[in-house]
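K.L.:
Next up, protein_17.txt (compact mmCIF, C-alpha atoms).
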```txt
# COMPACT_ATOMS: atom_id res chain seq x y z
CA MET A 1 58.58 136.98 75.32
CA VAL A 2 61.79 135.66 76.73
CA PHE A 3 62.78 134.72 80.23
CA THR A 4 66.41 135.59 80.96
CA GLU A 5 68.72 135.12 83.94
CA ARG A 6 72.13 136.79 83.94
CA VAL A 7 75.20 135.33 85.63
CA ARG A 8 78.39 137.20 86.54
CA LEU A 9 81.53 135.36 87.57
CA GLY A 10 84.57 137.17 88.85
CA ILE A 11 87.81 136.94 86.90
CA PRO A 12 90.97 139.02 87.32
CA SER A 13 90.83 142.36 85.63
CA ARG A 14 93.67 143.79 83.60
CA GLU A 15 94.94 145.79 86.57
CA GLU A 16 94.77 142.75 88.82
CA ILE A 17 96.75 140.70 86.32
CA GLN A 18 99.41 143.40 86.29
CA GLU A 19 99.44 143.37 90.09
CA LEU A 20 99.71 139.58 90.11
CA GLU A 21 102.63 139.63 87.71
CA SER A 22 104.33 142.37 89.68
CA ASN A 23 103.87 140.38 92.89
CA VAL A 24 105.28 137.27 91.28
CA MET A 25 108.32 139.13 90.06
CA ASP A 26 108.83 140.71 93.48
CA LEU A 27 108.52 137.33 95.12
CA GLU A 28 111.02 135.89 92.69
CA ARG A 29 113.45 138.73 93.44
CA LEU A 30 113.05 138.17 97.16
CA ALA A 31 113.61 134.46 96.70
CA SER A 32 116.70 135.16 94.63
CA ARG A 33 118.07 137.53 97.26
CA SER A 34 117.27 135.06 99.99
CA ALA A 35 119.04 132.29 98.11
CA THR A 36 122.06 134.49 97.57
CA ALA A 37 122.09 135.53 101.19
CA SER A 38 121.72 132.00 102.44
CA VAL A 39 124.55 130.82 100.20
CA GLY A 40 126.70 133.58 101.61
CA VAL A 41 125.83 132.63 105.15
CA GLN A 42 126.37 128.98 104.39
CA GLU A 43 129.79 129.66 102.96
CA SER A 44 130.75 131.76 105.92
CA LEU A 45 129.60 129.02 108.28
CA THR A 46 130.97 125.95 106.55
CA THR A 47 133.83 127.05 104.37
CA GLY A 48 137.13 126.87 106.18
CA PRO A 49 140.22 128.93 105.41
CA VAL A 50 141.06 127.08 102.23
CA LEU A 51 142.12 130.24 100.41
CA PRO A 52 144.50 133.00 101.44
CA SER A 53 141.80 135.50 100.86
CA ALA A 54 139.67 133.77 103.45
CA LEU A 55 142.42 134.11 105.99
CA THR A 56 142.92 137.76 105.31
CA ARG A 57 139.21 138.35 105.34
CA ARG A 58 138.86 136.67 108.71
CA ARG A 59 141.78 138.58 110.09
CA ARG A 60 140.42 141.84 108.92
CA GLN A 61 137.10 141.02 110.47
CA ALA A 62 138.82 140.16 113.70
CA ALA A 63 140.73 143.45 113.64
CA LEU A 64 137.62 145.42 112.99
CA GLY A 65 135.44 143.50 115.37
CA ARG A 66 135.32 142.89 119.08
CA SER A 67 138.29 140.52 118.91
CA GLY A 68 140.60 143.21 117.67
CA GLU A 69 142.54 143.27 120.91
CA SER A 70 143.19 139.54 120.72
CA ALA A 71 144.50 139.91 117.18
CA LEU A 72 146.91 142.56 118.38
CA LEU A 73 148.17 140.31 121.18
CA ALA A 74 148.61 137.44 118.76
CA ARG A 75 150.67 139.61 116.49
CA GLN A 76 152.88 140.58 119.43
CA ARG A 77 153.28 136.93 120.35
CA LEU A 78 154.35 136.07 116.82
CA LYS A 79 156.93 138.85 117.01
CA GLY A 80 158.30 137.39 120.26
CA VAL A 81 156.93 140.11 122.47
CA SER A 82 155.95 138.51 125.75
CA THR A 83 153.42 140.21 127.90
CA SER A 84 151.81 138.95 131.04
CA SER A 85 148.36 139.58 129.74
CA ALA A 86 148.97 138.03 126.34
CA ASN A 87 146.68 135.16 125.58
CA PRO A 88 148.56 132.45 123.64
CA LEU A 89 145.37 131.59 121.76
CA ALA A 90 144.49 135.13 120.91
CA GLY A 91 145.22 134.82 117.20
CA LEU A 92 142.35 132.45 116.68
CA SER A 93 138.92 133.60 115.82
CA ALA A 94 136.30 134.04 118.47
CA ASN A 95 134.61 130.81 117.49
CA ALA A 96 137.77 128.78 117.02
CA PHE A 97 137.19 126.57 120.02
CA GLN A 98 133.60 125.96 119.07
CA GLU A 99 134.61 125.15 115.51
CA LEU A 100 137.30 122.76 116.66
CA ARG A 101 134.93 121.16 119.11
CA ASN A 102 132.32 120.74 116.39
CA GLU A 103 134.86 119.10 114.14
CA VAL A 104 135.89 116.69 116.86
CA VAL A 105 132.30 115.86 117.64
CA ASP A 106 131.53 115.32 113.98
CA LEU A 107 134.55 113.07 113.59
CA LYS A 108 133.60 111.13 116.68
CA ASN A 109 130.04 110.70 115.48
CA PHE A 110 131.29 109.68 112.08
CA ASN A 111 133.54 107.00 113.49
CA ALA A 112 130.83 105.76 115.79
CA LYS A 113 128.35 105.47 112.95
CA LEU A 114 130.91 103.84 110.72
CA SER A 115 131.85 101.18 113.27
CA GLN A 116 128.20 100.63 114.07
CA SER A 117 127.40 100.23 110.40
CA ALA A 118 130.34 97.92 109.83
CA GLY A 119 129.12 95.65 112.58
CA PHE A 120 125.77 95.32 110.95
CA LEU A 121 127.22 94.89 107.49
CA LEU A 122 129.22 91.91 108.68
CA ASN A 123 126.04 90.22 109.80
CA PRO A 124 124.07 89.05 106.76
CA ILE A 125 121.14 87.75 108.77
CA GLY A 126 117.81 89.50 109.06
CA ASN A 127 117.44 93.15 108.34
CA ALA A 128 120.78 94.14 109.77
CA GLN A 129 121.98 95.31 106.38
CA SER A 130 119.07 97.66 105.95
CA ARG A 131 119.66 99.00 109.42
CA ALA A 132 123.30 99.52 108.56
CA LEU A 133 122.33 101.37 105.40
CA GLY A 134 120.07 103.56 107.48
CA LEU A 135 122.91 104.37 109.78
CA ALA A 136 125.21 104.97 106.86
CA ALA A 137 122.77 107.49 105.45
CA GLY A 138 123.73 109.88 108.19
CA ILE A 139 127.39 109.76 107.28
CA PRO A 140 128.86 112.26 104.84
CA VAL A 141 129.12 110.66 101.43
CA VAL A 142 132.72 111.44 100.66
CA GLY A 143 134.04 110.38 104.02
CA PHE A 144 131.96 107.26 103.97
CA ALA A 145 133.17 106.26 100.50
CA ALA A 146 136.79 106.74 101.49
CA SER A 147 136.51 104.89 104.76
CA ILE A 148 134.22 102.04 103.78
CA ALA A 149 136.76 100.25 101.55
CA PRO A 150 138.56 98.36 104.35
CA VAL A 151 135.22 97.56 105.90
CA ILE A 152 134.02 96.03 102.67
CA TYR A 153 137.21 94.01 102.46
CA GLN A 154 136.64 92.69 105.97
CA MET A 155 133.06 91.97 105.13
CA ILE A 156 133.98 89.90 102.06
CA VAL A 157 136.59 87.94 104.00
CA ALA A 158 134.10 87.26 106.76
CA GLN A 159 131.46 86.10 104.32
CA HIS A 160 133.84 83.55 102.84
CA GLY A 161 135.13 82.47 106.25
CA ALA A 162 133.79 79.87 108.63
CA GLY A 163 130.11 80.43 109.27
CA GLY A 164 129.78 82.98 106.48
CA ILE A 165 127.13 82.85 103.83
CA PHE A 166 129.73 81.75 101.22
CA ASP A 167 131.39 79.18 103.49
CA VAL A 168 132.22 76.13 101.29
CA THR A 169 132.78 73.93 104.31
CA LYS A 170 129.25 74.43 105.41
CA GLN A 171 127.97 73.44 101.98
CA THR A 172 129.98 70.23 102.13
CA LEU A 173 128.58 69.48 105.51
CA ASP A 174 125.15 69.98 104.17
CA ASN A 175 125.82 67.43 101.43
CA THR A 176 126.92 64.83 103.93
CA LYS A 177 123.69 65.25 105.77
CA SER A 178 121.62 64.41 102.69
CA PHE A 179 120.44 60.81 102.19
CA ILE A 180 118.76 58.77 99.52
CA GLY A 181 115.14 58.05 100.14
CA LEU A 182 114.15 54.69 101.62
CA GLU A 183 111.89 53.95 98.67
CA ARG A 184 114.84 54.34 96.28
CA GLU A 185 116.96 52.04 98.44
CA VAL A 186 114.24 49.37 98.42
CA GLY A 187 113.78 49.80 94.69
CA ILE A 188 117.45 49.17 94.05
CA ASP A 189 117.45 46.09 96.26
CA ALA A 190 114.34 44.81 94.51
CA GLY A 191 115.83 45.31 91.06
CA GLU A 192 113.12 47.77 90.09
CA THR A 193 115.58 50.64 89.99
CA LEU A 194 118.62 50.28 87.81
CA PHE A 195 121.69 51.27 89.73
CA LEU A 196 124.90 50.21 88.00
CA GLY A 197 128.36 51.56 87.49
CA ASN A 198 127.83 51.38 83.73
CA VAL A 199 126.03 54.61 82.90
CA SER A 200 125.32 53.50 79.34
CA LEU A 201 122.70 51.09 80.58
CA ARG A 202 119.18 52.19 81.09
CA GLN A 203 115.79 50.72 81.68
CA GLY A 204 113.17 50.32 79.03
CA ILE A 205 113.67 49.91 75.29
CA PRO A 206 117.39 49.94 74.35
CA HIS A 207 118.61 52.93 72.37
CA ASN A 208 121.68 53.52 70.26
CA ILE A 209 122.80 49.92 70.53
CA THR A 210 125.81 49.55 68.26
CA SER A 211 126.84 46.04 69.19
CA ASN A 212 124.90 42.79 69.34
CA THR A 213 127.21 41.64 72.05
CA GLN A 214 126.53 44.75 74.06
CA ASP A 215 122.83 44.21 73.55
CA LEU A 216 123.07 40.63 74.70
CA GLN A 217 125.17 41.61 77.67
CA ASP A 218 122.65 44.25 78.66
CA GLY A 219 119.83 41.79 78.28
CA LEU A 220 121.59 39.26 80.43
CA ARG A 221 122.23 41.80 83.14
CA ARG A 222 118.69 43.06 83.01
CA TYR A 223 117.41 39.45 83.22
CA THR A 224 119.69 38.75 86.15
CA LEU A 225 118.52 41.92 87.93
CA GLN A 226 114.88 41.18 87.47
CA THR A 227 115.04 37.52 88.42
CA ASN A 228 117.88 36.85 90.83
CA GLN A 229 118.47 40.33 92.20
CA PHE A 230 122.21 39.86 91.91
CA GLY A 231 122.85 42.80 89.68
CA ARG A 232 124.63 45.02 92.12
CA MET B 1 89.34 141.02 77.33
CA SER B 2 91.90 142.42 74.96
CA SER B 3 95.54 142.37 75.90
CA ALA B 4 97.47 143.82 73.01
CA PHE B 5 100.35 144.99 75.17
CA PRO B 6 101.22 142.68 78.04
CA SER B 7 101.85 144.45 81.28
CA THR B 8 105.04 142.45 81.73
CA GLN B 9 106.69 145.01 79.46
CA ASN B 10 106.50 147.42 82.36
CA ILE B 11 108.19 144.92 84.64
CA ALA B 12 110.98 144.41 82.13
CA LYS B 13 111.80 148.12 82.27
CA GLN B 14 112.82 147.96 85.89
CA GLU B 15 116.48 148.38 86.59
CA GLU B 16 116.98 145.45 88.92
CA PRO B 17 118.06 142.19 87.27
CA ILE B 18 115.05 140.05 86.54
CA ASN B 19 114.37 136.44 85.81
CA ILE B 20 113.91 136.47 82.05
CA ASP B 21 112.42 133.00 82.02
CA LEU B 22 109.80 133.95 84.58
CA LEU B 23 109.09 137.15 82.72
CA PHE B 24 108.55 135.20 79.53
CA LYS B 25 106.17 132.83 81.31
CA LEU B 26 104.20 135.70 82.79
CA THR B 27 103.91 137.27 79.37
CA GLN B 28 102.75 133.98 78.01
CA PHE B 29 100.19 133.72 80.81
CA GLU B 30 98.87 137.19 80.17
CA MET B 31 98.57 136.67 76.44
CA GLN B 32 96.92 133.27 76.71
CA LEU B 33 94.57 134.17 79.56
CA PRO B 34 91.76 135.73 77.46
CA GLY B 35 91.57 132.69 75.23
CA PHE B 36 91.66 130.40 78.22
CA LEU B 37 88.91 132.32 80.01
CA ASP B 38 86.75 132.28 76.90
CA ASP B 39 87.18 128.55 76.44
CA ARG B 40 86.89 127.47 80.06
CA GLY B 41 84.19 130.03 80.82
CA ARG B 42 82.03 128.63 78.05
CA GLN B 43 82.54 125.14 79.39
CA ILE B 44 81.44 126.23 82.85
CA ALA B 45 78.44 128.15 81.49
CA GLU B 46 77.36 125.21 79.37
CA GLY B 47 77.69 123.02 82.45
CA ALA B 48 75.20 125.28 84.23
CA LEU B 49 72.87 125.13 81.21
CA ASP B 50 73.02 121.33 81.19
CA GLU B 51 72.14 121.26 84.88
CA ILE B 52 69.10 123.44 84.22
CA LYS B 53 68.00 121.24 81.35
CA ARG B 54 68.33 118.13 83.49
CA LYS B 55 66.07 119.66 86.11
CA MET B 56 63.57 120.72 83.45
CA GLN B 57 63.50 117.20 82.11
CA ALA B 58 62.95 115.83 85.62
CA ALA B 59 60.06 118.29 86.07
CA ASN B 60 58.39 117.03 82.86
CA TYR B 61 58.97 120.21 80.89
CA SER B 62 58.06 119.91 77.24
CA ARG B 63 60.87 119.27 74.81
CA LYS B 64 60.17 122.59 73.09
CA ILE B 65 60.84 124.52 76.30
CA ILE B 66 64.00 122.55 77.01
CA ASP B 67 65.32 123.07 73.50
CA GLY B 68 64.41 126.74 73.72
CA THR B 69 66.63 127.22 76.77
CA THR B 70 69.99 128.45 75.55
CA LEU B 71 73.20 130.17 76.54
CA GLU B 72 73.42 133.70 75.22
CA ASN B 73 75.53 136.85 75.39
CA PHE B 74 78.67 135.24 76.73
CA GLN B 75 81.30 137.91 77.23
CA ILE B 76 84.37 138.81 79.24
CA THR B 77 84.37 142.38 80.42
CA GLU B 78 87.33 144.68 80.89
CA ASP B 79 86.50 145.27 84.54
CA GLY B 80 86.97 141.63 85.40
CA PHE B 81 83.72 139.75 84.94
CA LEU B 82 82.64 136.78 82.95
CA GLU B 83 78.99 137.26 82.06
CA PHE B 84 76.45 135.11 80.34
CA GLU B 85 72.72 134.72 80.14
CA ILE B 86 70.48 131.69 80.36
CA ARG B 87 67.56 132.39 78.09
CA SER B 88 64.36 130.39 77.93
CA GLU B 89 62.04 131.12 75.05
CA TYR B 90 58.93 129.32 73.87
CA ASP B 91 55.64 130.89 72.88
CA SER B 92 52.47 128.98 72.03
CA GLU B 93 50.71 129.48 68.70
CA SER B 94 48.40 131.96 70.34
CA GLY B 95 51.41 133.95 71.52
CA PHE B 96 51.29 132.82 75.15
CA ASP B 97 54.76 132.92 76.79
CA VAL B 98 54.94 129.34 77.98
CA ALA B 99 58.59 129.46 79.04
CA THR B 100 58.11 132.45 81.34
CA ALA B 101 54.83 131.04 82.62
CA LYS B 102 56.52 127.77 83.59
CA GLU B 103 59.38 129.55 85.26
CA LYS B 104 57.56 132.33 87.08
CA GLY B 105 54.02 130.94 87.11
CA THR B 106 50.79 132.72 86.27
CA ALA B 107 48.05 134.21 88.38
CA ASN B 108 44.47 133.07 88.24
CA HIS B 109 43.01 134.48 85.07
CA ARG B 110 39.94 134.42 82.89
CA ILE B 111 39.74 132.65 79.57
CA GLU B 112 37.25 133.54 76.92
CA PRO B 113 36.43 132.43 73.36
CA GLN B 114 38.47 134.12 70.65
CA SER B 115 35.34 135.35 68.85
CA GLU B 116 32.32 136.96 70.41
CA ASP B 117 29.90 134.39 69.06
CA GLY B 118 32.14 131.44 69.87
CA VAL B 119 32.15 129.20 72.93
CA LEU B 120 34.71 127.25 74.84
CA SER B 121 34.23 123.47 74.84
CA TRP B 122 35.95 120.70 76.71
CA ILE B 123 35.25 117.18 77.97
CA GLN B 124 35.54 116.37 81.65
CA ASP B 125 34.59 113.07 83.31
CA GLY B 126 33.00 111.87 80.11
CA ARG B 127 30.75 114.85 79.74
CA ARG B 128 31.09 117.78 77.36
CA PHE B 129 31.01 121.28 78.82
CA PHE B 130 30.52 124.62 77.13
CA SER B 131 31.41 128.08 78.36
CA LYS B 132 31.31 131.69 77.18
CA GLY B 133 34.22 132.42 79.48
CA HIS B 134 35.34 131.52 83.01
CA ASP B 135 38.21 131.91 85.51
CA VAL B 136 40.97 129.31 85.70
CA SER B 137 43.73 128.79 88.26
CA GLY B 138 47.26 129.89 87.35
CA ILE B 139 50.40 127.83 86.71
CA PRO B 140 52.64 127.39 89.78
CA ALA B 141 56.11 128.91 89.43
CA SER B 142 58.91 126.36 89.11
CA ASN B 143 61.84 128.81 89.29
CA ILE B 144 64.13 126.12 87.93
CA ILE B 145 66.44 128.52 86.11
CA THR B 146 66.62 131.08 88.90
CA ASP B 147 67.05 128.57 91.71
CA THR B 148 69.61 126.50 89.83
CA LEU B 149 71.74 129.51 89.06
CA LEU B 150 71.45 130.73 92.65
CA GLN B 151 72.50 127.34 93.93
CA THR B 152 75.35 126.82 91.51
CA THR B 153 76.86 130.29 91.21
CA VAL B 154 79.28 129.68 94.06
CA LYS B 155 80.23 126.34 92.56
CA LEU B 156 80.71 127.93 89.15
CA GLN B 157 82.90 130.63 90.67
CA ASN B 158 84.98 128.05 92.52
CA ASN B 159 85.41 126.05 89.32
CA MET B 160 86.50 129.20 87.54
CA ASN B 161 88.98 130.07 90.29
CA SER B 162 90.55 126.63 90.40
CA ALA B 163 90.76 126.55 86.62
CA MET B 164 92.55 129.91 86.56
CA ASP B 165 94.94 128.83 89.32
CA SER B 166 95.76 125.62 87.52
CA PHE B 167 96.30 127.50 84.30
CA PHE B 168 98.60 130.00 86.00
CA GLU B 169 100.59 127.28 87.75
CA GLY B 170 100.78 125.29 84.57
CA VAL B 171 102.21 128.20 82.61
CA VAL B 172 104.58 129.50 85.27
CA ASN B 173 105.82 126.11 86.45
CA GLN B 174 106.23 124.51 83.05
```
If you convert what's in this file into structure tokens, what do you get?
P.N.:
Amino acid sequence: MVFTERVRLGIPSREEIQELESNVMDLERLASRSATASVGVQESLTTGPVLPSALTRRRRQAALGRSGESALLARQRLKGVSTSSANPLAGLSANAFQELRNEVVDLKNFNAKLSQSAGFLLNPIGNAQSRALGLAAGIPVVGFAASIAPVIYQMIVAQHGAGGIFDVTKQTLDNTKSFIGLEREVGIDAGETLFLGNVSLRQGIPHNITSNTQDLQDGLRRYTLQTNQFGR
Amino acid sequence: MSSAFPSTQNIAKQEEPINIDLLFKLTQFEMQLPGFLDDRGRQIAEGALDEIKRKMQAANYSRKIIDGTTLENFQITEDGFLEFEIRSEYDSESGFDVATAKEKGTANHRIEPQSEDGVLSWIQDGRRFFSKGHDVSGIPASNIITDTLLQTTVKLQNNMNSAMDSFFEGVVNQ
């Protein structure tokens, strides 16, 4: 006799796998179309009239669209036909003012961020540099790279100027403020610390003595230092 | 599950431009899925068997019953099921089904000597007793196999689902 328990776990069937694959492919197609569409929209929104075809395309759209009348008036103005109802700005697209305004605002923001960043970059104290980098992150890369060169020049000059982190004068002033310790001063006066103009002399066992006279002279000086304290 | 002709061939026949790379990955997924299900399904089934054996050991089952509990008839069906059986088999020398008795229990029953002129003998509290037959109480049902599988089926299914999802993502996103 055998005791048996049976277990059934659900897995995708062959038809469900086909459905899954079909769904994935459909999703991929939709994503591809969406990407293509978004690129098209992005180009239409951001790309300016850098090509003649773009100009003609925009004009054709204006002629076919609601701004067709304005395009006609602009054409008359270009031909020298003056009418009382002619709008001198009619040749522009419907969003021309908004586009121009956006460009001005962008330029203004860019300059503001750049000057703000430059101010922080010139200050090497604290976390001002990181804050400046954070501000710079919002600036378009190309414009920032082209405009930052004079700022960097100013920054380097300022760093080497008075009060800068590479100010040599300040380092000199720092040296003048340093002093020899009192213990060393007392040691020199007491003859315990050798402090002579002759750098070849040293305390302890003589080394590299090439002359008996030199050795005797050193011994005399050392004796004088240790006994009479007149070695200075 | 046999998949001699991947269904992605039907997708490739469509007229709209398709992502060949994705199609290749889907074909790869479909062709590797049966092997993956067989391998991972066995792992999951053996995990359930190990859990049952641990509980048997904790309940002081004999080693012969534990060793006689095995995984059998593992198969993947065409209609989308992974099936397997947990089988427990151990009979005493007299032919008594010990494994089933431990799992499902036994009712009160009468025991008698094997021969008509024989007697039953046993020692209790230091005294020997004899009997020509008497009623004994049954074995309580443990239901270790049934209860464990009932408790862990959802977990096993979840493990299977997450394994399949990971496999699909791994193939498609490689």
K.L.:
Between atom CA of Glu46 of chain B and atom CA of Gln157 of chain B, what distance in Å does the model show, to one decimal?
P.N.:
13.7 Å
K.L.:
Which residue out of B:Tyr61, B:Phe129, B:Ile123, B:Thr70 has the minimum interatomic distance to Lys102 of chain B when all atoms listed in the file are used?
P.N.:
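Among the listed residues, the smallest separation from Lys102 of chain B belongs to B:Tyr61.
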K.L.:
For chain A, report every residue with an atom at most 9 Å from chain B (counting all atoms listed in the file), formatted as an mmCIF file with C-alpha atoms, in the frame of the given file.
P.N.:
```
data_model
loop_
_atom_site.group_PDB
_atom_site.id
_atom_site.type_symbol
_atom_site.label_atom_id
_atom_site.label_comp_id
_atom_site.auth_asym_id
_atom_site.auth_seq_id
_atom_site.Cartn_x
_atom_site.Cartn_y
_atom_site.Cartn_z
ATOM 1 C CA MET A 1 58.580 136.980 75.320
ATOM 2 C CA VAL A 2 61.790 135.660 76.730
ATOM 3 C CA PHE A 3 62.780 134.720 80.230
ATOM 4 C CA THR A 4 66.410 135.590 80.960
ATOM 5 C CA GLU A 5 68.720 135.120 83.940
ATOM 6 C CA ARG A 6 72.130 136.790 83.940
ATOM 7 C CA VAL A 7 75.200 135.330 85.630
ATOM 8 C CA ARG A 8 78.390 137.200 86.540
ATOM 9 C CA LEU A 9 81.530 135.360 87.570
ATOM 10 C CA GLY A 10 84.570 137.170 88.850
ATOM 11 C CA ILE A 11 87.810 136.940 86.900
ATOM 12 C CA PRO A 12 90.970 139.020 87.320
ATOM 13 C CA SER A 13 90.830 142.360 85.630
ATOM 14 C CA ARG A 14 93.670 143.790 83.600
ATOM 15 C CA GLU A 15 94.940 145.790 86.570
ATOM 16 C CA GLU A 16 94.770 142.750 88.820
ATOM 17 C CA ILE A 17 96.750 140.700 86.320
ATOM 18 C CA GLN A 18 99.410 143.400 86.290
ATOM 19 C CA GLU A 21 102.630 139.630 87.710
ATOM 20 C CA SER A 22 104.330 142.370 89.680
ATOM 21 C CA VAL A 24 105.280 137.270 91.280
ATOM 22 C CA MET A 25 108.320 139.130 90.060
ATOM 23 C CA GLU A 28 111.020 135.890 92.690
ATOM 24 C CA ARG A 29 113.450 138.730 93.440
#
```
K.L.:
State, in Å with one decimal place, the distance from atom CA of Arg222 of chain A to atom CA of Thr193 of chain A.
P.N.:
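These two atoms are separated by 10.8 Å.
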K.L.:
Rounded to one decimal place, report the atom CA of Asn60 of chain B-atom CA of Thr148 of chain B distance in Å.
P.N.:
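Atom-to-atom, atom CA of Asn60 of chain B and atom CA of Thr148 of chain B are spaced 16.3 Å apart.
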